[in-house]
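Participant: Just model-v7.cif, nothing more (mmCIF, C-alpha atoms and all ligand atoms):
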```cif
data_data
#
loop_
_atom_site.label_atom_id
_atom_site.label_comp_id
_atom_site.auth_asym_id
_atom_site.auth_seq_id
_atom_site.Cartn_x
_atom_site.Cartn_y
_atom_site.Cartn_z
CA MET X 1 125.56 86.02 113.11
CA ARG X 2 125.92 88.64 110.34
CA ILE X 3 122.96 91.04 110.57
CA PHE X 4 122.10 93.88 108.19
CA VAL X 5 120.09 96.77 109.68
CA ALA X 6 118.52 99.23 107.23
CA GLY X 7 117.73 102.52 108.98
CA GLY X 8 120.36 101.56 111.57
CA ALA X 9 121.12 105.20 112.50
CA GLY X 10 117.53 106.11 113.46
CA PHE X 11 115.83 106.30 116.87
CA ILE X 12 115.38 102.53 117.13
CA GLY X 13 118.36 101.61 114.92
CA SER X 14 120.94 103.49 116.97
CA VAL X 15 119.84 101.49 120.06
CA LEU X 16 119.42 98.18 118.17
CA VAL X 17 122.83 98.26 116.47
CA PRO X 18 124.89 98.42 119.72
CA HIS X 19 122.49 95.91 121.32
CA LEU X 20 123.25 93.38 118.54
CA LEU X 21 126.99 94.11 118.69
CA GLU X 22 126.99 93.60 122.47
CA ALA X 23 125.38 90.21 121.89
CA GLY X 24 128.35 89.28 119.69
CA HIS X 25 126.88 89.71 116.20
CA GLU X 26 128.53 91.42 113.24
CA VAL X 27 126.40 94.29 112.03
CA THR X 28 126.10 96.23 108.78
CA ALA X 29 124.10 99.44 109.23
CA LEU X 30 122.75 101.19 106.16
CA ASP X 31 121.29 104.68 106.53
CA ARG X 32 121.13 108.13 104.91
CA PHE X 33 121.96 109.63 108.33
CA TYR X 34 119.21 112.22 107.95
CA PHE X 35 119.33 112.76 111.73
CA GLY X 36 123.08 113.08 112.21
CA PRO X 37 126.07 110.84 113.06
CA THR X 38 124.24 108.76 115.65
CA LEU X 39 126.43 105.67 115.39
CA LYS X 40 129.74 107.40 116.30
CA ALA X 41 129.90 105.88 119.81
CA ALA X 42 129.08 102.40 118.48
CA GLU X 43 131.78 102.77 115.80
CA ALA X 44 134.37 103.75 118.39
CA ARG X 45 133.37 100.93 120.72
CA PHE X 46 132.96 98.02 118.34
CA GLY X 47 135.46 98.78 115.55
CA ASP X 48 135.42 96.37 112.61
CA ARG X 49 132.39 94.41 113.81
CA LEU X 50 130.27 97.37 112.73
CA ARG X 51 130.25 98.16 109.01
CA ILE X 52 128.53 101.41 108.06
CA LEU X 53 127.01 102.07 104.65
CA ARG X 54 125.94 105.67 104.12
CA ASP X 55 123.56 104.89 101.31
CA ASP X 56 119.96 104.89 100.14
CA ILE X 57 117.59 101.95 100.52
CA ARG X 58 116.22 102.72 97.04
CA THR X 59 119.51 102.50 95.17
CA PHE X 60 122.31 100.80 97.17
CA ASP X 61 124.24 97.91 95.61
CA THR X 62 122.26 95.07 97.16
CA GLU X 63 124.41 92.26 95.80
CA ALA X 64 127.61 93.58 97.35
CA ALA X 65 126.02 94.75 100.60
CA LEU X 66 124.00 91.60 101.32
CA ALA X 67 126.64 88.99 100.43
CA GLY X 68 127.08 86.68 103.43
CA ILE X 69 124.29 88.34 105.45
CA GLU X 70 122.17 85.92 107.50
CA ALA X 71 119.43 88.24 108.78
CA VAL X 72 118.03 91.60 107.67
CA VAL X 73 116.10 94.02 109.88
CA ASP X 74 114.35 96.79 107.96
CA LEU X 75 113.83 100.02 109.93
CA ALA X 76 114.50 102.49 107.13
CA GLY X 77 111.97 105.05 105.99
CA ILE X 78 109.98 108.11 106.84
CA SER X 79 108.72 107.36 110.29
CA ASN X 80 105.55 109.25 111.14
CA ASP X 81 102.20 110.33 109.64
CA PRO X 82 102.83 114.06 109.03
CA SER X 83 106.28 113.51 107.52
CA CYS X 84 104.84 110.86 105.19
CA ASP X 85 102.15 113.33 104.10
CA LEU X 86 104.73 116.00 103.18
CA GLU X 87 105.45 114.46 99.77
CA ALA X 88 103.39 111.36 99.13
CA HIS X 89 105.53 110.32 96.17
CA LEU X 90 108.66 110.26 98.38
CA THR X 91 106.90 108.10 100.95
CA GLU X 92 105.82 105.75 98.19
CA SER X 93 109.33 105.52 96.78
CA ILE X 94 111.15 105.17 100.14
CA ASN X 95 108.72 103.35 102.45
CA ILE X 96 107.02 101.16 99.86
CA GLY X 97 109.49 100.96 96.94
CA GLY X 98 112.57 100.84 99.19
CA GLY X 99 111.01 98.35 101.59
CA LYS X 100 109.97 95.95 98.83
CA ARG X 101 113.32 96.32 97.07
CA LEU X 102 115.20 95.35 100.23
CA ALA X 103 112.97 92.33 100.91
CA ALA X 104 113.29 91.05 97.33
CA ALA X 105 117.05 91.63 97.31
CA ALA X 106 117.46 89.82 100.62
CA ARG X 107 115.64 86.81 99.25
CA ARG X 108 117.76 86.81 96.07
CA ALA X 109 120.94 87.09 98.13
CA GLY X 110 120.04 83.97 100.13
CA VAL X 111 119.43 85.80 103.42
CA ARG X 112 117.60 83.38 105.70
CA ARG X 113 115.66 85.66 108.07
CA TYR X 114 113.98 88.96 107.23
CA VAL X 115 112.41 91.12 109.94
CA TYR X 116 110.11 93.89 108.81
CA THR X 117 109.28 96.76 111.16
CA SER X 118 105.58 97.36 110.96
CA SER X 119 103.42 99.27 113.39
CA CYS X 120 100.32 98.83 115.56
CA SER X 121 99.03 101.86 113.65
CA VAL X 122 97.95 99.38 110.93
CA TYR X 123 94.93 98.78 113.22
CA GLY X 124 93.97 102.44 112.76
CA HIS X 125 90.60 103.21 114.22
CA GLY X 126 90.34 99.86 115.96
CA ALA X 127 86.99 98.29 116.66
CA GLY X 128 86.89 97.68 120.39
CA LEU X 129 89.60 96.81 122.87
CA GLY X 130 92.18 94.04 122.77
CA LEU X 131 93.16 93.90 119.10
CA THR X 132 95.22 90.88 118.11
CA GLU X 133 97.41 90.03 115.13
CA SER X 134 94.38 88.54 113.38
CA SER X 135 92.10 91.57 113.93
CA PRO X 136 91.26 93.42 110.71
CA ARG X 137 93.69 96.14 109.76
CA ASN X 138 92.21 99.56 109.17
CA PRO X 139 95.03 101.97 108.28
CA VAL X 140 94.00 105.63 108.41
CA SER X 141 97.18 107.24 107.03
CA LEU X 142 99.59 106.87 104.14
CA TYR X 143 102.24 105.86 106.69
CA ALA X 144 100.11 102.95 107.93
CA ARG X 145 98.96 101.93 104.43
CA ALA X 146 102.60 101.69 103.39
CA LYS X 147 103.26 99.42 106.38
CA CYS X 148 100.40 97.12 105.34
CA GLU X 149 101.64 96.95 101.76
CA VAL X 150 105.24 96.02 102.59
CA GLU X 151 104.13 93.61 105.34
CA ASP X 152 101.98 91.74 102.80
CA TYR X 153 104.68 91.79 100.14
CA ALA X 154 107.37 90.41 102.46
CA MET X 155 105.08 87.72 103.85
CA GLN X 156 104.17 86.63 100.33
CA LEU X 157 107.87 86.37 99.40
CA GLY X 158 108.37 84.17 102.43
CA ARG X 159 105.46 81.88 101.51
CA GLU X 160 106.70 81.50 97.93
CA SER X 161 110.19 80.52 99.09
CA GLU X 162 109.01 77.30 100.76
CA GLY X 163 111.08 77.77 103.87
CA ALA X 164 114.21 79.28 102.34
CA PHE X 165 113.32 82.88 103.19
CA GLU X 166 111.81 83.32 106.65
CA THR X 167 109.87 86.52 107.14
CA VAL X 168 108.71 88.04 110.42
CA ALA X 169 106.67 91.23 110.77
CA LEU X 170 106.82 93.14 114.06
CA ARG X 171 103.95 95.55 114.68
CA LEU X 172 105.47 97.92 117.20
CA ALA X 173 103.53 99.87 119.79
CA THR X 174 104.46 103.57 119.90
CA VAL X 175 108.02 103.69 121.17
CA PHE X 176 109.44 105.80 124.01
CA GLY X 177 112.78 106.34 125.71
CA VAL X 178 116.15 107.88 125.05
CA SER X 179 118.28 107.14 121.99
CA PRO X 180 121.33 108.71 120.26
CA ARG X 181 118.79 109.90 117.63
CA MET X 182 116.29 111.39 120.05
CA ARG X 183 112.62 111.64 119.02
CA PHE X 184 110.48 114.27 120.72
CA ASP X 185 107.58 113.63 118.37
CA LEU X 186 106.47 110.43 120.15
CA ALA X 187 103.75 110.81 122.80
CA VAL X 188 105.58 109.79 125.99
CA ASN X 189 108.74 111.66 125.03
CA VAL X 190 107.02 114.83 123.83
CA MET X 191 104.68 115.10 126.83
CA THR X 192 107.60 114.63 129.23
CA LYS X 193 109.67 117.20 127.36
CA ASN X 194 106.81 119.72 127.35
CA ALA X 195 106.20 119.22 131.06
CA TYR X 196 109.89 119.72 131.82
CA VAL X 197 110.47 122.69 129.51
CA ASN X 198 107.10 124.51 129.59
CA ARG X 199 105.28 123.02 132.60
CA LYS X 200 102.40 122.54 130.20
CA VAL X 201 101.12 119.42 128.40
CA SER X 202 98.49 119.44 125.67
CA ILE X 203 95.96 116.65 125.36
CA GLU X 204 95.02 116.42 121.71
CA GLY X 205 92.44 114.41 119.80
CA GLY X 206 89.97 114.20 122.70
CA GLY X 207 92.24 112.24 125.09
CA LYS X 208 90.11 109.10 125.18
CA GLN X 209 91.97 107.39 122.34
CA TRP X 210 93.92 104.28 123.31
CA ARG X 211 97.52 103.77 122.37
CA PRO X 212 100.00 100.99 123.31
CA PHE X 213 103.59 101.97 124.21
CA VAL X 214 106.93 100.17 124.37
CA HIS X 215 110.45 101.18 125.40
CA VAL X 216 113.10 101.45 122.69
CA LEU X 217 115.38 98.91 124.36
CA ASP X 218 112.50 96.44 124.58
CA VAL X 219 111.99 96.94 120.84
CA ALA X 220 115.68 96.16 120.26
CA ARG X 221 115.29 92.99 122.35
CA ALA X 222 112.25 91.90 120.32
CA MET X 223 114.12 92.48 117.07
CA HIS X 224 117.11 90.50 118.28
CA ILE X 225 114.81 87.61 119.20
CA ALA X 226 112.98 87.80 115.86
CA ALA X 227 116.26 87.76 113.94
CA THR X 228 117.69 84.78 115.79
CA ALA X 229 114.86 82.59 117.16
CA GLU X 230 114.42 79.09 115.77
CA SER X 231 112.35 78.94 112.58
CA SER X 232 109.42 76.97 113.98
CA ARG X 233 108.65 79.77 116.44
CA CYS X 234 108.69 82.77 114.14
CA ALA X 235 108.92 82.11 110.39
CA GLY X 236 105.97 83.59 108.53
CA ARG X 237 104.55 85.13 111.71
CA VAL X 238 103.27 88.57 112.63
CA PHE X 239 103.79 89.78 116.21
CA ASN X 240 102.51 92.79 118.08
CA VAL X 241 105.43 94.16 120.13
CA GLY X 242 104.61 95.70 123.50
CA SER X 243 102.80 94.71 126.67
CA ASP X 244 99.15 94.73 127.77
CA GLU X 245 99.93 96.97 130.79
CA ASN X 246 101.40 99.68 128.55
CA ASN X 247 98.09 100.37 126.72
CA VAL X 248 96.85 103.75 127.94
CA GLN X 249 94.44 106.46 126.94
CA ILE X 250 96.21 109.66 125.95
CA ALA X 251 94.64 111.71 128.79
CA GLN X 252 95.83 109.07 131.29
CA LEU X 253 99.32 109.41 129.90
CA ALA X 254 99.19 113.16 130.49
CA TYR X 255 98.15 112.57 134.14
CA ARG X 256 101.12 110.26 134.63
CA VAL X 257 103.48 112.86 133.21
CA ARG X 258 101.97 115.47 135.56
CA ASP X 259 102.53 113.09 138.49
CA ALA X 260 106.22 113.02 137.54
CA VAL X 261 106.49 116.78 136.99
CA PRO X 262 104.21 118.40 139.58
CA SER X 263 102.81 121.86 138.78
CA THR X 264 102.41 120.89 135.14
CA GLU X 265 99.27 122.36 133.60
CA LEU X 266 97.18 120.05 131.40
CA VAL X 267 95.42 121.72 128.50
CA THR X 268 92.78 119.95 126.45
CA VAL X 269 93.15 121.20 122.90
CA GLY X 270 90.04 121.33 120.75
CA THR X 271 91.44 119.41 117.79
CA ASP X 272 89.65 116.91 115.57
CA PRO X 273 89.24 113.49 117.18
CA ASP X 274 92.35 111.38 116.69
CA LEU X 275 91.50 108.65 114.21
CA ARG X 276 94.29 106.48 115.57
CA ASP X 277 92.65 104.66 118.44
CA TYR X 278 93.79 101.16 119.22
CA ASN X 279 94.18 99.02 122.33
CA VAL X 280 96.28 95.99 121.53
CA ARG X 281 97.03 92.57 123.05
CA PHE X 282 100.50 91.14 123.25
CA ASP X 283 99.96 87.51 124.30
CA VAL X 284 101.14 86.01 121.01
CA ILE X 285 104.72 87.29 121.29
CA ARG X 286 104.76 86.40 125.00
CA GLU X 287 103.52 82.86 124.46
CA THR X 288 105.39 82.11 121.23
CA LEU X 289 108.73 83.79 121.78
CA GLY X 290 108.75 84.09 125.59
CA TYR X 291 109.07 87.83 125.17
CA GLN X 292 108.21 90.23 127.99
CA THR X 293 108.92 93.92 128.19
CA THR X 294 111.21 95.21 130.93
CA ARG X 295 110.33 98.93 131.11
CA THR X 296 107.11 100.69 132.05
CA ILE X 297 105.83 104.04 130.80
CA ASP X 298 106.76 105.57 134.18
CA ASP X 299 110.33 104.28 133.73
CA GLY X 300 110.40 106.02 130.34
CA ILE X 301 109.12 109.31 131.76
CA GLN X 302 111.86 109.23 134.42
CA GLU X 303 114.51 108.32 131.85
CA VAL X 304 113.57 111.20 129.54
CA LEU X 305 113.44 113.63 132.50
CA GLU X 306 116.89 112.54 133.63
CA ALA X 307 118.30 112.95 130.09
CA LEU X 308 116.84 116.47 129.93
CA ARG X 309 118.09 117.45 133.39
CA SER X 310 121.62 116.18 132.73
CA GLY X 311 121.83 117.78 129.29
CA LYS X 312 122.28 114.39 127.61
CA VAL X 313 119.54 115.38 125.16
CA ASP X 314 118.88 118.87 123.80
CA PRO X 315 115.18 119.71 123.49
CA ASP X 316 116.04 122.46 120.98
CA ASP X 317 117.86 120.20 118.52
CA ARG X 318 115.78 120.21 115.32
CA ARG X 319 116.84 116.63 114.59
CA GLY X 320 114.71 115.45 117.53
CA TYR X 321 111.56 116.44 115.63
CA THR X 322 111.04 114.20 112.62
CA LEU X 323 108.71 116.47 110.65
CA ARG X 324 110.79 119.59 111.28
CA GLN X 325 113.93 117.82 110.12
CA TYR X 326 112.31 116.51 106.93
CA VAL X 327 110.89 119.98 106.15
CA PHE X 328 114.39 121.42 106.66
CA LEU X 329 115.99 118.77 104.42
CA ARG X 330 113.40 119.32 101.70
CA GLU X 331 113.96 123.09 101.78
CA ALA X 332 117.73 122.58 101.69
CA GLU X 333 117.33 120.34 98.65
CA LEU X 334 115.16 122.90 96.86
CA ALA X 335 117.62 125.68 97.71
CA ALA X 336 120.51 123.59 96.42
CA GLN X 337 118.65 122.87 93.18
CA SER X 338 117.91 126.52 92.50
CA LEU X 339 121.05 128.19 93.89
CA ALA X 340 124.01 125.83 93.76
CA ILE X 341 126.77 126.24 91.24
CA GLY X 342 129.27 123.39 91.14
CA GLY X 343 127.73 121.93 94.32
CA HIS X 344 128.19 125.19 96.29
CA ILE X 345 125.77 127.85 97.51
CA LEU X 346 127.93 130.19 99.62
CA GLY X 347 131.28 128.57 98.90
CA GLU X 348 133.22 129.51 95.75
CA PRO X 349 131.93 127.46 92.81
N1 LIG L 401 109.25 104.90 116.80
C1 LIG L 401 108.04 104.35 116.82
O1 LIG L 401 107.20 104.65 117.69
C2 LIG L 401 107.68 103.33 115.79
C3 LIG L 401 106.49 102.59 115.97
C4 LIG L 401 106.13 101.66 115.01
C5 LIG L 401 106.94 101.46 113.90
N2 LIG L 401 108.08 102.20 113.76
C6 LIG L 401 108.89 101.99 112.56
O2 LIG L 401 110.22 101.67 112.94
C7 LIG L 401 111.12 102.15 111.96
C8 LIG L 401 112.18 103.00 112.61
O3 LIG L 401 111.57 104.06 113.30
P1 LIG L 401 112.40 105.14 114.12
O4 LIG L 401 111.53 105.59 115.23
O5 LIG L 401 113.74 104.60 114.42
O6 LIG L 401 112.47 106.32 113.04
P2 LIG L 401 113.69 107.19 112.51
O7 LIG L 401 113.13 108.24 111.63
O8 LIG L 401 114.52 107.64 113.65
O9 LIG L 401 114.54 106.13 111.67
C9 LIG L 401 114.40 105.89 110.29
C10 LIG L 401 115.79 105.90 109.68
O10 LIG L 401 115.63 105.65 108.27
C11 LIG L 401 116.58 106.46 107.59
N3 LIG L 401 116.13 106.64 106.21
C12 LIG L 401 115.07 107.37 105.77
N4 LIG L 401 115.00 107.29 104.44
C13 LIG L 401 116.01 106.49 104.02
C14 LIG L 401 116.46 106.04 102.75
N5 LIG L 401 115.86 106.43 101.62
N6 LIG L 401 117.53 105.22 102.69
C15 LIG L 401 118.19 104.87 103.83
N7 LIG L 401 117.83 105.28 105.06
C16 LIG L 401 116.75 106.08 105.15
C17 LIG L 401 116.62 107.77 108.37
O11 LIG L 401 117.85 108.48 108.14
C18 LIG L 401 116.48 107.27 109.81
O12 LIG L 401 117.75 107.11 110.41
C19 LIG L 401 110.30 102.93 110.94
O13 LIG L 401 109.99 102.08 109.87
C20 LIG L 401 109.03 103.24 111.72
O14 LIG L 401 107.95 103.43 110.87
C21 LIG L 401 108.48 103.11 114.68
#
```
Could the structure of this file be written out as structure tokens, please?
Ligand SMILES: NC(=O)c1ccc[n+]([C@@H]2O[C@H](COP(=O)([O-])OP(=O)(O)OC[C@H]3O[C@@H](n4cnc5c(N)ncnc54)[C@H](O)[C@@H]3O)[C@@H](O)[C@H]2O)c1
Facilitator:
Amino acid sequence: MRIFVAGGAGFIGSVLVPHLLEAGHEVTALDRFYFGPTLKAAEARFGDRLRILRDDIRTFDTEAALAGIEAVVDLAGISNDPSCDLEAHLTESINIGGGKRLAAAARRAGVRRYVYTSSCSVYGHGAGLGLTESSPRNPVSLYARAKCEVEDYAMQLGRESEGAFETVALRLATVFGVSPRMRFDLAVNVMTKNAYVNRKVSIEGGGKQWRPFVHVLDVARAMHIAATAESSRCAGRVFNVGSDENNVQIAQLAYRVRDAVPSTELVTVGTDPDLRDYNVRFDVIRETLGYQTTRTIDDGIQEVLEALRSGKVDPDDRRGYTLRQYVFLREAELAAQSLAIGGHILGEP
């Protein structure tokens, strides 16, 4: 199958792309590569079966890029709350404008299956435990509101197409694990890193808030299934992606990290209560698509520890911190606008 992955160089994308290639698909990965050349190994390994487009979801030539594509997975965008709050208009143009543009272009191009990456954070401050796909959404951030808006838009496009354009929305739990584009701003990863580097883990937002987690490779597996499963099982459907056992309260997560890195000090930080509090159920994806996760939170903690110990990941690399990297890129852009002559700042104009 020919699959187009927008945001294919990101934390999830750079695991998904090789996963799809290994399964025999041809993949086109579009990305701005804001976090570095994370698809180099996949390029070397899979040659022509991987086509890379270094381009922007808001402006790329959709007709040329989507010709012959059978499934689209959209992962592109600014990927956490604080980075989305940096410049609201950029989030609106990339996450909402770019997401809708890609969905509409995919439909026009005759793509059959469209998989949108949403988030369990659409449940926001969830009422009670065990939220399902039909529980009310209650987004408490611009990031999550953008997810709701594009989810609705894509689903509507699917309904209007009368079966020609099959849309699937995946509401991911918070992801963990190691990827070529490492993320140390996700709870399991950051707590493990802080325990390893500083022997100290902060519990923020009170610690009682629930959060579901899922390993990055299990996300790639869910996306592969959503892109290829028979229509009757997934067209027009929304699925939570994760597993019931991987719902934990943030303080419990900190205890598990301390179990893995003894002598770690836990510090409860007196911050405002975290508004994101959701405990989610995952029976629909299990029963409809036969999907089960394969990695536990403890597996993820061990994996991240091993990557830190072996030097496979560098905890000091700015690109592992989404907000820091976007702040850096924004400052670089402002500096270029005010200082560059002929495209150069220090180089000879
Ligand atoms: N990681 C999680 O815990 C999680 C949970 C739920 C949902 N999601 C969603 O999954 C998707 C991928 O998340 P991730 O963790 O891989 O984040 P990420 O930041 O690593 O990946 C996003 C990718 O999009 C690219 N991008 C940003 N703006 C772009 C633009 N204008 N044009 C083209 N490419 C652009 C970035 O370069 C990056 O490679 C995001 O939509 C995110 O909101 C992630």
Participant: Using only C-alpha atoms and all ligand atoms, find each residue with an atom at most 6 Å away from ligand LIG 401 (chain L) and format the answer as a tab-separated table (two decimals) with C-alpha atoms, in the coordinates of the input.
Facilitator:
```tsv
chain	number	residue	atom	x	y	z
X	7	GLY	CA	117.73	102.52	108.98
X	9	ALA	CA	121.12	105.20	112.50
X	10	GLY	CA	117.53	106.11	113.46
X	11	PHE	CA	115.83	106.30	116.87
X	12	ILE	CA	115.38	102.53	117.13
X	13	GLY	CA	118.36	101.61	114.92
X	31	ASP	CA	121.29	104.68	106.53
X	32	ARG	CA	121.13	108.13	104.91
X	33	PHE	CA	121.96	109.63	108.33
X	34	TYR	CA	119.21	112.22	107.95
X	35	PHE	CA	119.33	112.76	111.73
X	55	ASP	CA	123.56	104.89	101.31
X	56	ASP	CA	119.96	104.89	100.14
X	57	ILE	CA	117.59	101.95	100.52
X	58	ARG	CA	116.22	102.72	97.04
X	75	LEU	CA	113.83	100.02	109.93
X	76	ALA	CA	114.50	102.49	107.13
X	77	GLY	CA	111.97	105.05	105.99
X	78	ILE	CA	109.98	108.11	106.84
X	79	SER	CA	108.72	107.36	110.29
X	94	ILE	CA	111.15	105.17	100.14
X	117	THR	CA	109.28	96.76	111.16
X	118	SER	CA	105.58	97.36	110.96
X	119	SER	CA	103.42	99.27	113.39
X	172	LEU	CA	105.47	97.92	117.20
X	173	ALA	CA	103.53	99.87	119.79
X	174	THR	CA	104.46	103.57	119.90
X	175	VAL	CA	108.02	103.69	121.17
```
Participant: So how far away is CA of Ser179 (chain X) from CA of Val27 (chain X), in Å?
Facilitator: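 These two atoms are separated by 18.2 Å.
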Participant: Counting all atoms listed in the file, give me one row per residue of region 97-193 of chain X with an atom at most 9 Å from an atom of region 317-340 of chain X, showing the shortest contact pair and its distance in Å to one decimal, sorted by chain then residue number, as JSON lines.
Facilitator:
```
{"residue": "X:Arg181", "atom": "CA", "partner": "X:Gly320", "partner_atom": "CA", "distance": 6.9}
{"residue": "X:Met182", "atom": "CA", "partner": "X:Gly320", "partner_atom": "CA", "distance": 5.0}
{"residue": "X:Arg183", "atom": "CA", "partner": "X:Gly320", "partner_atom": "CA", "distance": 4.6}
{"residue": "X:Phe184", "atom": "CA", "partner": "X:Gly320", "partner_atom": "CA", "distance": 5.4}
{"residue": "X:Asp185", "atom": "CA", "partner": "X:Tyr321", "partner_atom": "CA", "distance": 5.6}
```
Participant: Find the residues around Pro262 (chain X) up to 9 Å (all atoms listed in the file counted), leave out those fewer than 3 positions away in its own chain, and share them as a VMD selection string.
Facilitator: chain X and resid 195 199 257 to 259 265
Participant: Could you save the residues just selected, with C-alpha atoms, as a tab-separated table (two decimals), in the coordinates of the input?
Facilitator:
```tsv
chain	number	residue	atom	x	y	z
X	195	ALA	CA	106.20	119.22	131.06
X	199	ARG	CA	105.28	123.02	132.60
X	257	VAL	CA	103.48	112.86	133.21
X	258	ARG	CA	101.97	115.47	135.56
X	259	ASP	CA	102.53	113.09	138.49
X	265	GLU	CA	99.27	122.36	133.60
```
Participant: Have a look at CA of Val261 (chain X) and CA of Leu305 (chain X) and let me know their distance in Å, one decimal.
Facilitator: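 Pair CA of Val261 (chain X) / CA of Leu305 (chain X) returns 8.9 Å.
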Participant: In Å to one decimal, how far is CA of Asn246 (chain X) from CA of Gly128 (chain X)?
Facilitator: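 So the answer is 16.8 Å.
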Participant: Which residues are near Val269 (chain X)? Cut-off 8 Å, all atoms listed in the file, ignore same chain within fewer than 3 positions. Put them as a VMD selection string.
Facilitator: chain X and resid 202 to 206
Participant: Any idea what's packed within 10 Å of Glu70 (chain X), counting all atoms listed in the file, ignoring anything in its chain fewer than 6 positions away? Could you give it as a list in words?
Facilitator: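 Counting all atoms listed in the file, the residues come to Met1, Arg2, Ile3, Phe4, Ala106, Ala109, Gly110, Val111, Arg112, Arg113, Tyr114, Ala227 and Thr228 of chain X.
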Participant: Rank nothing, just name the residue among X:Val201, X:Ala222, X:Leu217, X:Leu131 nearest to Val73 (chain X), using only C-alpha atoms.
Facilitator: X:Ala222
Participant: For a quick check of understanding, using all atoms listed in the file, which of X:Thr264, X:Ser135, X:Asn198, X:Gln156 has the smallest distance to Asn279 (chain X)?
Facilitator: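 Going through X:Thr264, X:Ser135, X:Asn198, X:Gln156 one by one, the smallest distance to Asn279 (chain X) is for X:Ser135.
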Participant: Using all atoms listed in the file, find the one residue out of X:Phe282, X:Tyr153, X:Phe46, X:Tyr255 that sits nearest to Ile96 (chain X).
Facilitator: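 The closest residue to Ile96 (chain X) is X:Tyr153.
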Participant: Compare X:Thr167, X:Thr288, X:Thr62, X:Ser83 by their minimum atom-to-atom distance to Gly236 (chain X), counting all atoms listed in the file, and give me the closest one.
Facilitator: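 For Gly236 (chain X), the nearest of the candidates is X:Thr167.
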Participant: Taking the point (106.8, 105.3, 125.2) as given in the file, collect each protein or nucleic acid residue that comes within 8 Å of it, counting all atoms listed in the file, and present the set as an NGL selection string.
Facilitator: :X and (174-177 or 186-189 or 213-216 or 297 or 300)
Participant: Do you know which residues lie at most 12 Å from (91.1, 92.2, 112.0), with coordinates as in the file and all atoms listed in the file counted, and could you write them as number ranges by chain?
Facilitator: X: 120, 122-139, 278, 280
Participant: For the residues in that selection, give me C-alpha atoms as a tab-separated table (two decimals), keeping the file's coordinate frame.
Facilitator:
```
chain	number	residue	atom	x	y	z
X	120	CYS	CA	100.32	98.83	115.56
X	122	VAL	CA	97.95	99.38	110.93
X	123	TYR	CA	94.93	98.78	113.22
X	124	GLY	CA	93.97	102.44	112.76
X	125	HIS	CA	90.60	103.21	114.22
X	126	GLY	CA	90.34	99.86	115.96
X	127	ALA	CA	86.99	98.29	116.66
X	128	GLY	CA	86.89	97.68	120.39
X	129	LEU	CA	89.60	96.81	122.87
X	130	GLY	CA	92.18	94.04	122.77
X	131	LEU	CA	93.16	93.90	119.10
X	132	THR	CA	95.22	90.88	118.11
X	133	GLU	CA	97.41	90.03	115.13
X	134	SER	CA	94.38	88.54	113.38
X	135	SER	CA	92.10	91.57	113.93
X	136	PRO	CA	91.26	93.42	110.71
X	137	ARG	CA	93.69	96.14	109.76
X	138	ASN	CA	92.21	99.56	109.17
X	139	PRO	CA	95.03	101.97	108.28
X	278	TYR	CA	93.79	101.16	119.22
X	280	VAL	CA	96.28	95.99	121.53
```
Participant: I need the residue nearest Glu87 (chain X) from this list: X:Leu39, X:Leu289, X:Leu142, X:Ala169. Use only C-alpha atoms for the distance.
Facilitator: X:Leu142
